[in-house]
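Q: Contents of coords-v3.cif (mmCIF, C-alpha atoms and all ligand atoms) are given next:
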data_upload
#
loop_
_atom_site.group_PDB
_atom_site.id
_atom_site.type_symbol
_atom_site.label_atom_id
_atom_site.label_comp_id
_atom_site.auth_asym_id
_atom_site.auth_seq_id
_atom_site.Cartn_x
_atom_site.Cartn_y
_atom_site.Cartn_z
ATOM 1 C CA MET A 1110 100.864 147.623 57.286
ATOM 2 C CA ALA A 1111 104.638 147.717 57.526
ATOM 3 C CA ASP A 1112 106.134 148.602 60.853
ATOM 4 C CA ASP A 1113 106.927 152.265 60.066
ATOM 5 C CA THR A 1114 105.851 155.075 62.362
ATOM 6 C CA VAL A 1115 105.099 157.720 59.727
ATOM 7 C CA TRP A 1116 102.973 157.373 56.604
ATOM 8 C CA SER A 1117 105.291 157.883 53.593
ATOM 9 C CA GLU A 1118 104.989 158.122 49.823
ATOM 10 C CA GLU A 1119 106.015 154.432 49.738
ATOM 11 C CA SER A 1120 103.094 153.621 52.067
ATOM 12 C CA SER A 1121 100.792 155.435 49.636
ATOM 13 C CA GLU A 1122 102.219 153.563 46.648
ATOM 14 C CA LEU A 1123 101.787 150.190 48.333
ATOM 15 C CA TYR A 1124 98.254 151.106 49.413
ATOM 16 C CA ARG A 1125 97.293 152.203 45.891
ATOM 17 C CA GLN A 1126 98.638 148.932 44.515
ATOM 18 C CA LEU A 1127 96.890 146.668 46.980
ATOM 19 C CA ALA A 1128 93.746 148.466 48.155
ATOM 20 C CA GLN A 1129 91.391 146.809 45.672
ATOM 21 C CA VAL A 1130 92.427 143.469 47.171
ATOM 22 C CA ALA A 1131 93.289 144.421 50.756
ATOM 23 C CA VAL A 1132 90.197 146.525 51.535
ATOM 24 C CA PRO A 1133 87.109 144.305 51.897
ATOM 25 C CA VAL A 1134 84.366 145.139 49.359
ATOM 26 C CA ARG A 1135 85.444 148.707 48.804
ATOM 27 C CA ASP A 1136 82.438 149.471 46.570
ATOM 28 C CA GLU A 1137 80.026 148.254 49.259
ATOM 29 C CA GLN A 1138 81.795 150.349 51.899
ATOM 30 C CA ILE A 1139 81.591 153.533 49.806
ATOM 31 C CA ALA A 1140 77.920 152.842 48.978
ATOM 32 C CA THR A 1141 77.153 152.256 52.655
ATOM 33 C CA LEU A 1142 78.706 155.591 53.634
ATOM 34 C CA LEU A 1143 76.790 157.438 50.893
ATOM 35 C CA THR A 1144 73.458 155.875 51.845
ATOM 36 C CA LEU A 1145 73.917 156.936 55.458
ATOM 37 C CA LEU A 1146 74.337 160.634 54.612
ATOM 38 C CA PRO A 1147 71.273 162.417 56.013
ATOM 39 C CA PHE A 1148 70.825 164.776 53.057
ATOM 40 C CA GLY A 1149 68.411 164.889 50.146
ATOM 41 C CA LYS A 1150 70.013 164.419 46.739
ATOM 42 C CA ASP A 1151 69.706 168.108 45.787
ATOM 43 C CA GLU A 1152 70.255 169.544 49.251
ATOM 44 C CA PRO A 1153 73.298 171.790 49.647
ATOM 45 C CA PHE A 1154 75.721 170.748 52.397
ATOM 46 C CA ARG A 1155 79.391 171.076 53.280
ATOM 47 C CA ALA A 1156 81.490 167.955 53.705
ATOM 48 C CA ILE A 1157 85.054 167.152 54.717
ATOM 49 C CA GLU A 1158 86.852 163.894 54.074
ATOM 50 C CA LEU A 1159 89.709 163.231 56.494
ATOM 51 C CA ALA A 1160 92.601 161.265 54.939
ATOM 52 C CA SER A 1161 90.982 161.084 51.530
ATOM 53 C CA GLY A 1162 93.713 158.949 49.936
ATOM 54 C CA GLU A 1163 93.043 158.746 46.203
ATOM 55 C CA GLY A 1164 89.715 160.565 46.582
ATOM 56 C CA PHE A 1165 87.239 157.848 45.575
ATOM 57 C CA LEU A 1166 84.815 158.482 48.422
ATOM 58 C CA SER A 1167 85.009 162.249 47.852
ATOM 59 C CA HIS A 1168 84.294 161.643 44.161
ATOM 60 C CA ALA A 1169 81.273 159.487 44.998
ATOM 61 C CA ILE A 1170 79.858 162.119 47.388
ATOM 62 C CA LEU A 1171 80.242 164.978 44.918
ATOM 63 C CA ASP A 1172 78.813 162.838 42.133
ATOM 64 C CA SER A 1173 75.776 161.770 44.189
ATOM 65 C CA PHE A 1174 74.959 165.166 45.693
ATOM 66 C CA PRO A 1175 75.236 167.851 42.972
ATOM 67 C CA ASN A 1176 74.858 170.750 45.431
ATOM 68 C CA ALA A 1177 77.390 169.498 47.992
ATOM 69 C CA LYS A 1178 80.793 171.116 48.502
ATOM 70 C CA LEU A 1179 83.676 169.035 49.799
ATOM 71 C CA LEU A 1180 87.139 169.607 51.219
ATOM 72 C CA ALA A 1181 89.409 166.561 50.921
ATOM 73 C CA LEU A 1182 92.302 166.537 53.417
ATOM 74 C CA ASP A 1183 95.318 164.244 53.400
ATOM 75 C CA TYR A 1184 98.815 164.188 54.851
ATOM 76 C CA GLU A 1185 100.704 162.739 51.925
ATOM 77 C CA GLN A 1186 101.425 164.734 48.783
ATOM 78 C CA SER A 1187 101.038 162.007 46.147
ATOM 79 C CA MET A 1188 97.614 161.148 47.599
ATOM 80 C CA ARG A 1189 96.572 164.812 47.501
ATOM 81 C CA GLU A 1190 97.703 165.049 43.888
ATOM 82 C CA GLN A 1191 95.626 162.013 42.939
ATOM 83 C CA THR A 1192 92.584 163.392 44.749
ATOM 84 C CA ALA A 1193 92.976 166.803 43.129
ATOM 85 C CA GLN A 1194 93.153 165.171 39.700
ATOM 86 C CA ARG A 1195 90.153 162.947 40.395
ATOM 87 C CA LEU A 1196 88.016 165.843 41.702
ATOM 88 C CA ASN A 1197 89.161 168.413 39.158
ATOM 89 C CA HIS A 1198 86.001 168.224 37.039
ATOM 90 C CA PHE A 1199 83.827 169.165 40.026
ATOM 91 C CA GLY A 1200 85.356 172.647 39.816
ATOM 92 C CA GLU A 1201 84.795 174.933 42.797
ATOM 93 C CA ARG A 1202 82.683 172.347 44.613
ATOM 94 C CA ALA A 1203 85.875 170.457 45.494
ATOM 95 C CA ALA A 1204 89.044 171.523 47.296
ATOM 96 C CA VAL A 1205 92.080 169.576 48.481
ATOM 97 C CA ALA A 1206 94.443 170.541 51.294
ATOM 98 C CA ALA A 1207 97.159 169.161 53.539
ATOM 99 C CA PHE A 1208 96.610 168.234 57.161
ATOM 100 C CA ASP A 1209 98.078 166.038 59.865
ATOM 101 C CA MET A 1210 95.439 164.136 61.780
ATOM 102 C CA LEU A 1211 97.855 163.823 64.694
ATOM 103 C CA SER A 1212 97.842 167.602 65.270
ATOM 104 C CA ASP A 1213 95.001 169.978 66.151
ATOM 105 C CA ASP A 1214 96.047 172.973 64.059
ATOM 106 C CA TRP A 1215 93.477 172.218 61.329
ATOM 107 C CA TYR A 1216 90.372 171.961 63.526
ATOM 108 C CA GLY A 1217 89.181 175.415 62.356
ATOM 109 C CA VAL A 1218 88.167 174.035 58.945
ATOM 110 C CA LEU A 1219 85.507 171.947 60.709
ATOM 111 C CA ASN A 1220 83.505 175.020 61.768
ATOM 112 C CA GLY A 1221 80.053 175.008 60.210
ATOM 113 C CA VAL A 1222 80.594 171.757 58.302
ATOM 114 C CA ASP A 1223 77.621 169.363 57.989
ATOM 115 C CA CYS A 1224 79.382 166.111 57.297
ATOM 116 C CA VAL A 1225 82.739 164.513 58.111
ATOM 117 C CA VAL A 1226 83.721 161.169 56.633
ATOM 118 C CA SER A 1227 86.913 159.199 57.033
ATOM 119 C CA SER A 1228 88.096 155.795 55.891
ATOM 120 C CA LEU A 1229 91.038 153.777 57.178
ATOM 121 C CA CYS A 1230 93.075 156.443 58.969
ATOM 122 C CA ILE A 1231 91.616 157.200 62.399
ATOM 123 C CA HIS A 1232 93.027 153.882 63.643
ATOM 124 C CA HIS A 1233 96.466 155.553 63.555
ATOM 125 C CA LEU A 1234 95.348 157.647 66.557
ATOM 126 C CA SER A 1235 95.529 156.448 70.153
ATOM 127 C CA GLY A 1236 92.310 156.154 72.149
ATOM 128 C CA ASP A 1237 92.917 159.582 73.742
ATOM 129 C CA GLN A 1238 93.628 161.155 70.364
ATOM 130 C CA LYS A 1239 90.458 159.634 68.894
ATOM 131 C CA GLN A 1240 88.410 161.105 71.745
ATOM 132 C CA MET A 1241 89.973 164.521 71.160
ATOM 133 C CA LEU A 1242 89.166 164.267 67.436
ATOM 134 C CA TYR A 1243 85.557 163.220 68.084
ATOM 135 C CA ARG A 1244 85.103 166.131 70.513
ATOM 136 C CA ALA A 1245 86.633 168.581 68.020
ATOM 137 C CA ILE A 1246 84.270 167.390 65.281
ATOM 138 C CA GLY A 1247 81.217 167.098 67.542
ATOM 139 C CA SER A 1248 81.593 170.663 68.815
ATOM 140 C CA ARG A 1249 82.074 172.228 65.358
ATOM 141 C CA LEU A 1250 79.572 170.389 63.113
ATOM 142 C CA THR A 1251 76.191 172.000 62.415
ATOM 143 C CA SER A 1252 73.086 170.735 64.211
ATOM 144 C CA ARG A 1253 72.242 168.459 61.229
ATOM 145 C CA GLY A 1254 75.823 167.193 61.235
ATOM 146 C CA VAL A 1255 77.054 163.637 60.832
ATOM 147 C CA LEU A 1256 80.389 161.915 61.323
ATOM 148 C CA LEU A 1257 80.789 158.595 59.488
ATOM 149 C CA ILE A 1258 83.873 156.438 59.869
ATOM 150 C CA ALA A 1259 84.998 153.320 58.018
ATOM 151 C CA ASP A 1260 87.892 151.794 59.879
ATOM 152 C CA LEU A 1261 89.542 148.849 61.562
ATOM 153 C CA VAL A 1262 88.289 148.209 65.077
ATOM 154 C CA ALA A 1263 89.990 146.271 67.866
ATOM 155 C CA ALA A 1264 88.745 142.811 68.794
ATOM 156 C CA GLN A 1265 87.832 142.522 72.458
ATOM 157 C CA ARG A 1266 88.147 138.748 72.615
ATOM 158 C CA PRO A 1267 90.717 136.335 71.131
ATOM 159 C CA GLU A 1268 87.856 134.539 69.378
ATOM 160 C CA ALA A 1269 86.909 137.770 67.624
ATOM 161 C CA ASN A 1270 90.536 138.492 66.739
ATOM 162 C CA ARG A 1271 90.824 135.055 65.111
ATOM 163 C CA LEU A 1272 87.586 135.666 63.221
ATOM 164 C CA PHE A 1273 88.698 139.118 61.985
ATOM 165 C CA ALA A 1274 92.101 137.714 60.946
ATOM 166 C CA ALA A 1275 90.674 134.761 59.047
ATOM 167 C CA ALA A 1276 87.829 136.681 57.414
ATOM 168 C CA TRP A 1277 90.208 139.429 56.229
ATOM 169 C CA ASP A 1278 92.624 136.875 54.819
ATOM 170 C CA LYS A 1279 89.807 135.084 52.950
ATOM 171 C CA SER A 1280 88.483 138.385 51.634
ATOM 172 C CA ALA A 1281 91.902 139.392 50.275
ATOM 173 C CA GLU A 1282 92.421 135.969 48.694
ATOM 174 C CA ALA A 1283 89.009 136.029 46.996
ATOM 175 C CA GLN A 1284 89.363 139.639 45.817
ATOM 176 C CA SER A 1285 92.818 138.972 44.397
ATOM 177 C CA SER A 1286 91.437 136.296 42.064
ATOM 178 C CA ALA A 1287 88.200 138.142 41.312
ATOM 179 C CA GLN A 1288 89.667 141.618 40.721
ATOM 180 C CA THR A 1289 93.062 140.837 39.219
ATOM 181 C CA GLY A 1290 92.710 137.269 37.948
ATOM 182 C CA SER A 1291 95.821 136.255 39.882
ATOM 183 C CA ARG A 1292 97.068 135.417 43.378
ATOM 184 C CA ALA A 1293 99.991 137.845 43.123
ATOM 185 C CA ALA A 1294 98.272 140.691 44.997
ATOM 186 C CA TYR A 1295 97.140 138.296 47.720
ATOM 187 C CA ASP A 1296 100.721 136.987 48.020
ATOM 188 C CA GLN A 1297 101.866 140.586 48.495
ATOM 189 C CA PHE A 1298 99.133 141.127 51.111
ATOM 190 C CA VAL A 1299 100.585 138.143 52.990
ATOM 191 C CA GLU A 1300 104.259 139.076 52.474
ATOM 192 C CA THR A 1301 103.762 142.662 53.638
ATOM 193 C CA ARG A 1302 102.025 141.365 56.781
ATOM 194 C CA TRP A 1303 99.056 143.620 55.978
ATOM 195 C CA ASN A 1304 96.545 141.726 58.119
ATOM 196 C CA TYR A 1305 96.693 143.645 61.416
ATOM 197 C CA TYR A 1306 94.824 140.909 63.292
ATOM 198 C CA LEU A 1307 97.571 138.428 62.395
ATOM 199 C CA HIS A 1308 100.421 140.944 62.641
ATOM 200 C CA PRO A 1309 99.674 143.733 65.144
ATOM 201 C CA ASP A 1310 102.091 146.670 64.865
ATOM 202 C CA PRO A 1311 102.606 149.888 66.814
ATOM 203 C CA PHE A 1312 101.584 152.193 63.922
ATOM 204 C CA ASP A 1313 98.035 150.829 63.876
ATOM 205 C CA LYS A 1314 95.996 151.448 67.024
ATOM 206 C CA PRO A 1315 92.404 150.407 66.384
ATOM 207 C CA SER A 1316 90.111 150.863 69.385
ATOM 208 C CA PRO A 1317 87.120 148.715 70.320
ATOM 209 C CA LEU A 1318 83.955 149.683 68.485
ATOM 210 C CA PHE A 1319 81.890 149.939 71.668
ATOM 211 C CA ASP A 1320 84.392 152.397 73.186
ATOM 212 C CA GLN A 1321 84.308 154.522 70.055
ATOM 213 C CA LEU A 1322 80.510 154.643 70.058
ATOM 214 C CA ARG A 1323 80.593 155.814 73.682
ATOM 215 C CA TRP A 1324 83.217 158.452 72.830
ATOM 216 C CA LEU A 1325 81.063 159.701 69.945
ATOM 217 C CA ASN A 1326 78.042 159.929 72.202
ATOM 218 C CA ALA A 1327 80.054 161.854 74.806
ATOM 219 C CA ALA A 1328 81.274 164.177 72.015
ATOM 220 C CA GLY A 1329 77.721 165.371 71.309
ATOM 221 C CA PHE A 1330 76.395 162.854 68.786
ATOM 222 C CA ALA A 1331 72.844 162.039 69.881
ATOM 223 C CA VAL A 1332 72.508 158.907 67.733
ATOM 224 C CA VAL A 1333 75.505 156.580 67.409
ATOM 225 C CA ASP A 1334 75.595 153.172 65.781
ATOM 226 C CA CYS A 1335 77.499 150.602 63.779
ATOM 227 C CA PHE A 1336 75.954 150.109 60.345
ATOM 228 C CA TRP A 1337 78.185 147.506 58.680
ATOM 229 C CA MET A 1338 81.018 145.238 59.656
ATOM 230 C CA GLN A 1339 83.222 142.682 57.950
ATOM 231 C CA ALA A 1340 86.654 141.238 58.689
ATOM 232 C CA GLY A 1341 87.396 143.725 61.488
ATOM 233 C CA HIS A 1342 86.373 146.669 59.288
ATOM 234 C CA ALA A 1343 83.415 148.614 60.655
ATOM 235 C CA ILE A 1344 81.330 151.508 59.394
ATOM 236 C CA PHE A 1345 80.046 153.470 62.337
ATOM 237 C CA GLY A 1346 79.406 157.015 63.406
ATOM 238 C CA GLY A 1347 77.117 159.559 64.929
ATOM 239 C CA TYR A 1348 74.391 162.009 64.041
ATOM 240 C CA LYS A 1349 73.965 165.287 65.935
ATOM 241 C CA ALA A 1350 70.175 165.205 65.452
ATOM 242 C CA ARG A 1351 67.835 162.435 66.617
ATOM 243 C CA GLU A 1352 65.177 163.139 64.002
ATOM 244 C CA ALA A 1353 65.310 162.134 60.323
ATOM 245 C CA ASN A 1354 66.030 164.593 57.520
ATOM 246 C CA PRO A 1355 62.924 166.834 57.191
ATOM 247 C CA ASN A 1356 63.823 167.667 53.558
ATOM 248 C CA GLY A 1357 62.853 164.308 52.139
ATOM 249 C CA ALA A 1358 64.435 161.100 50.959
ATOM 250 C CA THR A 1359 68.177 160.534 51.030
ATOM 251 C CA ILE A 1360 69.815 158.614 48.181
ATOM 252 C CA SER A 1361 69.049 154.931 47.642
ATOM 253 C CA TYR A 1362 71.569 152.171 48.199
ATOM 254 C CA GLU A 1363 71.236 151.241 44.534
ATOM 255 C CA ASP A 1364 72.186 154.758 43.383
ATOM 256 C CA ALA A 1365 74.966 154.803 45.965
ATOM 257 C CA LEU A 1366 76.437 151.580 44.555
ATOM 258 C CA THR A 1367 76.334 153.038 41.049
ATOM 259 C CA ALA A 1368 78.198 156.129 42.299
ATOM 260 C CA ALA A 1369 80.737 153.922 44.121
ATOM 261 C CA HIS A 1370 81.393 151.896 40.972
ATOM 262 C CA GLN A 1371 81.654 155.058 38.921
ATOM 263 C CA ALA A 1372 84.216 156.520 41.351
ATOM 264 C CA LEU A 1373 86.259 153.322 41.551
ATOM 265 C CA SER A 1374 86.210 152.864 37.780
ATOM 266 C CA THR A 1375 88.397 155.961 37.537
ATOM 267 C CA ALA A 1376 91.040 153.992 39.388
ATOM 268 C CA TYR A 1377 92.289 150.636 38.600
ATOM 269 C CA ASN A 1378 93.733 151.358 35.199
ATOM 270 C CA GLN A 1379 95.536 154.471 36.447
ATOM 271 C CA SER A 1380 98.144 154.580 39.203
HETATM 272 C C1 LIG B 1401 94.987 153.421 54.249
HETATM 273 S S1 LIG B 1401 94.946 154.951 53.412
HETATM 274 C C2 LIG B 1401 93.207 155.235 53.225
HETATM 275 C C3 LIG B 1401 92.903 156.172 52.102
HETATM 276 C C4 LIG B 1401 91.408 156.357 51.819
HETATM 277 N N1 LIG B 1401 90.754 157.044 52.905
HETATM 278 C C5 LIG B 1401 90.753 155.034 51.539
HETATM 279 O O1 LIG B 1401 89.934 154.568 52.343
HETATM 280 O O2 LIG B 1401 91.080 154.425 50.506
HETATM 281 C C6 LIG B 1401 95.408 156.059 54.712
HETATM 282 C C7 LIG B 1401 95.409 157.514 54.284
HETATM 283 O O3 LIG B 1401 95.668 158.284 55.446
HETATM 284 C C8 LIG B 1401 96.637 159.276 55.146
HETATM 285 N N2 LIG B 1401 97.345 159.558 56.388
HETATM 286 C C9 LIG B 1401 98.221 158.761 57.042
HETATM 287 N N3 LIG B 1401 98.643 159.362 58.177
HETATM 288 C C10 LIG B 1401 98.004 160.560 58.231
HETATM 289 C C11 LIG B 1401 98.022 161.637 59.146
HETATM 290 N N4 LIG B 1401 98.782 161.626 60.240
HETATM 291 N N5 LIG B 1401 97.237 162.699 58.897
HETATM 292 C C12 LIG B 1401 96.471 162.750 57.785
HETATM 293 N N6 LIG B 1401 96.411 161.765 56.869
HETATM 294 C C13 LIG B 1401 97.177 160.676 57.087
HETATM 295 C C14 LIG B 1401 97.507 158.651 54.064
HETATM 296 O O4 LIG B 1401 98.189 159.613 53.292
HETATM 297 C C15 LIG B 1401 96.496 157.859 53.269
HETATM 298 O O5 LIG B 1401 95.945 158.634 52.241
#
Mind converting the file's structure to structure tokens?

A:
Amino acid sequence: MADDTVWSEESSELYRQLAQVAVPVRDEQIATLLTLLPFGKDEPFRAIELASGEGFLSHAILDSFPNAKLLALDYEQSMREQTAQRLNHFGERAAVAAFDMLSDDWYGVLNGVDCVVSSLCIHHLSGDQKQMLYRAIGSRLTSRGVLLIADLVAAQRPEANRLFAAAWDKSAEAQSSAQTGSRAAYDQFVETRWNYYLHPDPFDKPSPLFDQLRWLNAAGFAVVDCFWMQAGHAIFGGYKAREANPNGATISYEDALTAAHQALSTAYNQS
């Protein structure tokens, strides 16, 4: 991202324009997160999405789990407006509110929540701030709670950094042609120096995956793991409970992909 220190409405506009190209396989990432939720399809649970952006993941969760309730939090007003619009038809099951991930004044909303998800924002926190966040979530989630994160992670070796950089570039180039039929979005990805592994900047502070798994474990998550990774983007997280959901099967990856496509289809002809 650009070298600003605060996320602005312009950052949101650029992200909305380029995300379908800049984020590797967004549908697969959303489907992966949904499949990992340890809840039966009809089971009631309370979820929070941190930095919900346009609200696609929140939409997919509410669509897949008809008895779930979800609070979508984001810092930037235009993103909150888009989320509120996208979630409007879920009625009282959905709520949208402002928060700043860099502060701790919102931690109270985590009390008694079963599920926290977040995509592409936690890397704005320093290592210490991430640990504080993981402890805040770990201590407030219910005993069946889960925290799932999709985010950039730091390479620990120059070889890995080169791999992440090249794979992300290739992904953006391929998605530009496949999703938009043109190279223009990829050219913008290059011009805006979006690829963190080629253009590190002080606003983005990804931490190594292994460190984050240790921090999650120390924050009270009994089972921690990485479930998916591509081009420096990882999906990882922790479960408070060791044992599987006693209430039966969680949703299938196939159904999760359908819900991801459904959520994303509300997007690309809009903003
Ligand atoms: C890269 S976008 C990701 C949006 C969405 N989660 C997704 O994966 O498409 C980053 C999001 O984080 C939000 N954000 C940036 N800084 C934040 C902060 N300090 N606190 C809360 N949200 C923040 C932005 O408004 C934006 O919606």

Q: Point out the residue among A:Lys1178, A:His1233, A:Lys1150, A:Arg1351 with the least atom-to-atom distance to ligand LIG 1401 (chain B), counting all atoms listed in the file.

A: A:His1233

Q: Run the PyMOL selection byres (((chain A and resi 1201) around 12) and not hetatm) on the file and write out the hits as a list in words.

A: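 Taken over the shown coordinates, the PyMOL selection byres (((chain A and resi 1201) around 12) and not hetatm) returns Leu1171, Pro1175, Asn1176, Ala1177, Lys1178, Leu1179, Leu1180, Ala1193, Leu1196, Asn1197, His1198, Phe1199, Gly1200, Arg1202, Ala1203, Ala1204 and Val1205 of chain A.
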
Q: Would you give me, as JSON lines, each residue of chain A having an atom within 10 Å of an atom of ligand LIG 1401 (chain B), along with its shortest atom pair and that distance in Å to one decimal, using only C-alpha atoms and all ligand atoms and sorting by chain and residue number?

A:
{"residue": "A:Met1110", "atom": "CA", "partner": "B:LIG1401", "partner_atom": "C1", "distance": 8.8}
{"residue": "A:Thr1114", "atom": "CA", "partner": "B:LIG1401", "partner_atom": "N3", "distance": 9.4}
{"residue": "A:Val1115", "atom": "CA", "partner": "B:LIG1401", "partner_atom": "N3", "distance": 6.8}
{"residue": "A:Trp1116", "atom": "CA", "partner": "B:LIG1401", "partner_atom": "C9", "distance": 5.0}
{"residue": "A:Ser1117", "atom": "CA", "partner": "B:LIG1401", "partner_atom": "O4", "distance": 7.3}
{"residue": "A:Glu1118", "atom": "CA", "partner": "B:LIG1401", "partner_atom": "O4", "distance": 7.8}
{"residue": "A:Ser1120", "atom": "CA", "partner": "B:LIG1401", "partner_atom": "C14", "distance": 7.8}
{"residue": "A:Ser1121", "atom": "CA", "partner": "B:LIG1401", "partner_atom": "C15", "distance": 6.1}
{"residue": "A:Glu1122", "atom": "CA", "partner": "B:LIG1401", "partner_atom": "C15", "distance": 9.7}
{"residue": "A:Leu1123", "atom": "CA", "partner": "B:LIG1401", "partner_atom": "C1", "distance": 9.6}
{"residue": "A:Tyr1124", "atom": "CA", "partner": "B:LIG1401", "partner_atom": "C1", "distance": 6.3}
{"residue": "A:Arg1125", "atom": "CA", "partner": "B:LIG1401", "partner_atom": "O2", "distance": 8.1}
{"residue": "A:Ala1128", "atom": "CA", "partner": "B:LIG1401", "partner_atom": "O2", "distance": 6.9}
{"residue": "A:Gln1129", "atom": "CA", "partner": "B:LIG1401", "partner_atom": "O2", "distance": 9.0}
{"residue": "A:Ala1131", "atom": "CA", "partner": "B:LIG1401", "partner_atom": "C1", "distance": 9.8}
{"residue": "A:Val1132", "atom": "CA", "partner": "B:LIG1401", "partner_atom": "O2", "distance": 8.0}
{"residue": "A:Arg1135", "atom": "CA", "partner": "B:LIG1401", "partner_atom": "O1", "distance": 8.2}
{"residue": "A:Gln1138", "atom": "CA", "partner": "B:LIG1401", "partner_atom": "O1", "distance": 9.2}
{"residue": "A:Ile1139", "atom": "CA", "partner": "B:LIG1401", "partner_atom": "O1", "distance": 8.8}
{"residue": "A:Glu1158", "atom": "CA", "partner": "B:LIG1401", "partner_atom": "N1", "distance": 8.0}
{"residue": "A:Leu1159", "atom": "CA", "partner": "B:LIG1401", "partner_atom": "N6", "distance": 6.9}
{"residue": "A:Ala1160", "atom": "CA", "partner": "B:LIG1401", "partner_atom": "N6", "distance": 4.3}
{"residue": "A:Ser1161", "atom": "CA", "partner": "B:LIG1401", "partner_atom": "N1", "distance": 4.3}
{"residue": "A:Gly1162", "atom": "CA", "partner": "B:LIG1401", "partner_atom": "O5", "distance": 3.2}
{"residue": "A:Glu1163", "atom": "CA", "partner": "B:LIG1401", "partner_atom": "C4", "distance": 6.3}
{"residue": "A:Gly1164", "atom": "CA", "partner": "B:LIG1401", "partner_atom": "C4", "distance": 6.9}
{"residue": "A:Phe1165", "atom": "CA", "partner": "B:LIG1401", "partner_atom": "O2", "distance": 7.1}
{"residue": "A:Leu1166", "atom": "CA", "partner": "B:LIG1401", "partner_atom": "C5", "distance": 7.5}
{"residue": "A:Ser1167", "atom": "CA", "partner": "B:LIG1401", "partner_atom": "N1", "distance": 9.3}
{"residue": "A:Ala1181", "atom": "CA", "partner": "B:LIG1401", "partner_atom": "N1", "distance": 9.8}
{"residue": "A:Leu1182", "atom": "CA", "partner": "B:LIG1401", "partner_atom": "C12", "distance": 7.1}
{"residue": "A:Asp1183", "atom": "CA", "partner": "B:LIG1401", "partner_atom": "N6", "distance": 4.4}
{"residue": "A:Tyr1184", "atom": "CA", "partner": "B:LIG1401", "partner_atom": "N6", "distance": 4.0}
{"residue": "A:Glu1185", "atom": "CA", "partner": "B:LIG1401", "partner_atom": "O4", "distance": 4.2}
{"residue": "A:Gln1186", "atom": "CA", "partner": "B:LIG1401", "partner_atom": "O4", "distance": 7.6}
{"residue": "A:Ser1187", "atom": "CA", "partner": "B:LIG1401", "partner_atom": "O4", "distance": 8.1}
{"residue": "A:Met1188", "atom": "CA", "partner": "B:LIG1401", "partner_atom": "O5", "distance": 5.5}
{"residue": "A:Arg1189", "atom": "CA", "partner": "B:LIG1401", "partner_atom": "O5", "distance": 7.8}
{"residue": "A:Gln1191", "atom": "CA", "partner": "B:LIG1401", "partner_atom": "O5", "distance": 9.9}
{"residue": "A:Thr1192", "atom": "CA", "partner": "B:LIG1401", "partner_atom": "O5", "distance": 9.5}
{"residue": "A:Ala1207", "atom": "CA", "partner": "B:LIG1401", "partner_atom": "C12", "distance": 7.7}
{"residue": "A:Phe1208", "atom": "CA", "partner": "B:LIG1401", "partner_atom": "C12", "distance": 5.5}
{"residue": "A:Asp1209", "atom": "CA", "partner": "B:LIG1401", "partner_atom": "N5", "distance": 3.6}
{"residue": "A:Met1210", "atom": "CA", "partner": "B:LIG1401", "partner_atom": "N5", "distance": 3.7}
{"residue": "A:Leu1211", "atom": "CA", "partner": "B:LIG1401", "partner_atom": "N4", "distance": 5.1}
{"residue": "A:Ser1212", "atom": "CA", "partner": "B:LIG1401", "partner_atom": "N4", "distance": 7.9}
{"residue": "A:Val1226", "atom": "CA", "partner": "B:LIG1401", "partner_atom": "N1", "distance": 9.0}
{"residue": "A:Ser1227", "atom": "CA", "partner": "B:LIG1401", "partner_atom": "N1", "distance": 6.0}
{"residue": "A:Ser1228", "atom": "CA", "partner": "B:LIG1401", "partner_atom": "O1", "distance": 4.2}
{"residue": "A:Leu1229", "atom": "CA", "partner": "B:LIG1401", "partner_atom": "C2", "distance": 4.7}
{"residue": "A:Cys1230", "atom": "CA", "partner": "B:LIG1401", "partner_atom": "O3", "distance": 4.7}
{"residue": "A:Ile1231", "atom": "CA", "partner": "B:LIG1401", "partner_atom": "O3", "distance": 8.1}
{"residue": "A:His1232", "atom": "CA", "partner": "B:LIG1401", "partner_atom": "C6", "distance": 9.5}
{"residue": "A:His1233", "atom": "CA", "partner": "B:LIG1401", "partner_atom": "N3", "distance": 6.9}
{"residue": "A:Leu1234", "atom": "CA", "partner": "B:LIG1401", "partner_atom": "N4", "distance": 8.2}
{"residue": "A:Ile1258", "atom": "CA", "partner": "B:LIG1401", "partner_atom": "N1", "distance": 9.8}
{"residue": "A:Ala1259", "atom": "CA", "partner": "B:LIG1401", "partner_atom": "O1", "distance": 7.6}
{"residue": "A:Asp1260", "atom": "CA", "partner": "B:LIG1401", "partner_atom": "O1", "distance": 8.3}
{"residue": "A:Phe1312", "atom": "CA", "partner": "B:LIG1401", "partner_atom": "N3", "distance": 9.6}

Q: Which of these, A:Glu1119, A:Val1130, A:Gln1339, A:His1168, has the shortest distance to Gly1290 of chain A once you count only C-alpha atoms?

A: A:Val1130

Q: Go ahead and compute the interatomic distance for atom CA of Leu1366 of chain A and atom CA of Ala1263 of chain A, in Å to one decimal.

A: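 Atom-to-atom, atom CA of Leu1366 of chain A and atom CA of Ala1263 of chain A are spaced 27.5 Å apart.
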
Q: Which is closer to Gly1149 of chain A than all the others in A:Asp1310, A:Glu1363, A:Phe1298, A:Pro1355, using only C-alpha atoms?

A: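 Between A:Asp1310, A:Glu1363, A:Phe1298, A:Pro1355, the residue approaching Gly1149 of chain A most closely is A:Pro1355.
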
Q: Smallest atom-to-atom distance to Pro1309 of chain A: which of A:Met1338, A:Ile1360, A:Cys1224, A:Leu1261, using all atoms listed in the file?

A: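 Closest to Pro1309 of chain A of all the choices is A:Leu1261.
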
Q: Smallest atom-to-atom distance to Arg1253 of chain A: which of A:Thr1367, A:Asn1356, A:Gln1284, A:Gln1126, using all atoms listed in the file?

A: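 Under the stated criterion, the closest residue is A:Asn1356.
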
Q: Decode the PyMOL selection byres (((chain A and resi 1213) around 12) and not hetatm) for the given file into explicit residues and return them as a list of chain:residue names.

A: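 Residues picked by the PyMOL selection byres (((chain A and resi 1213) around 12) and not hetatm): A:Phe1208, A:Asp1209, A:Met1210, A:Leu1211, A:Ser1212, A:Asp1214, A:Trp1215, A:Tyr1216, A:Gly1217, A:Val1218, A:Leu1219, A:Gln1238, A:Lys1239, A:Met1241, A:Leu1242, A:Tyr1243, A:Arg1244, A:Ala1245, A:Ile1246.
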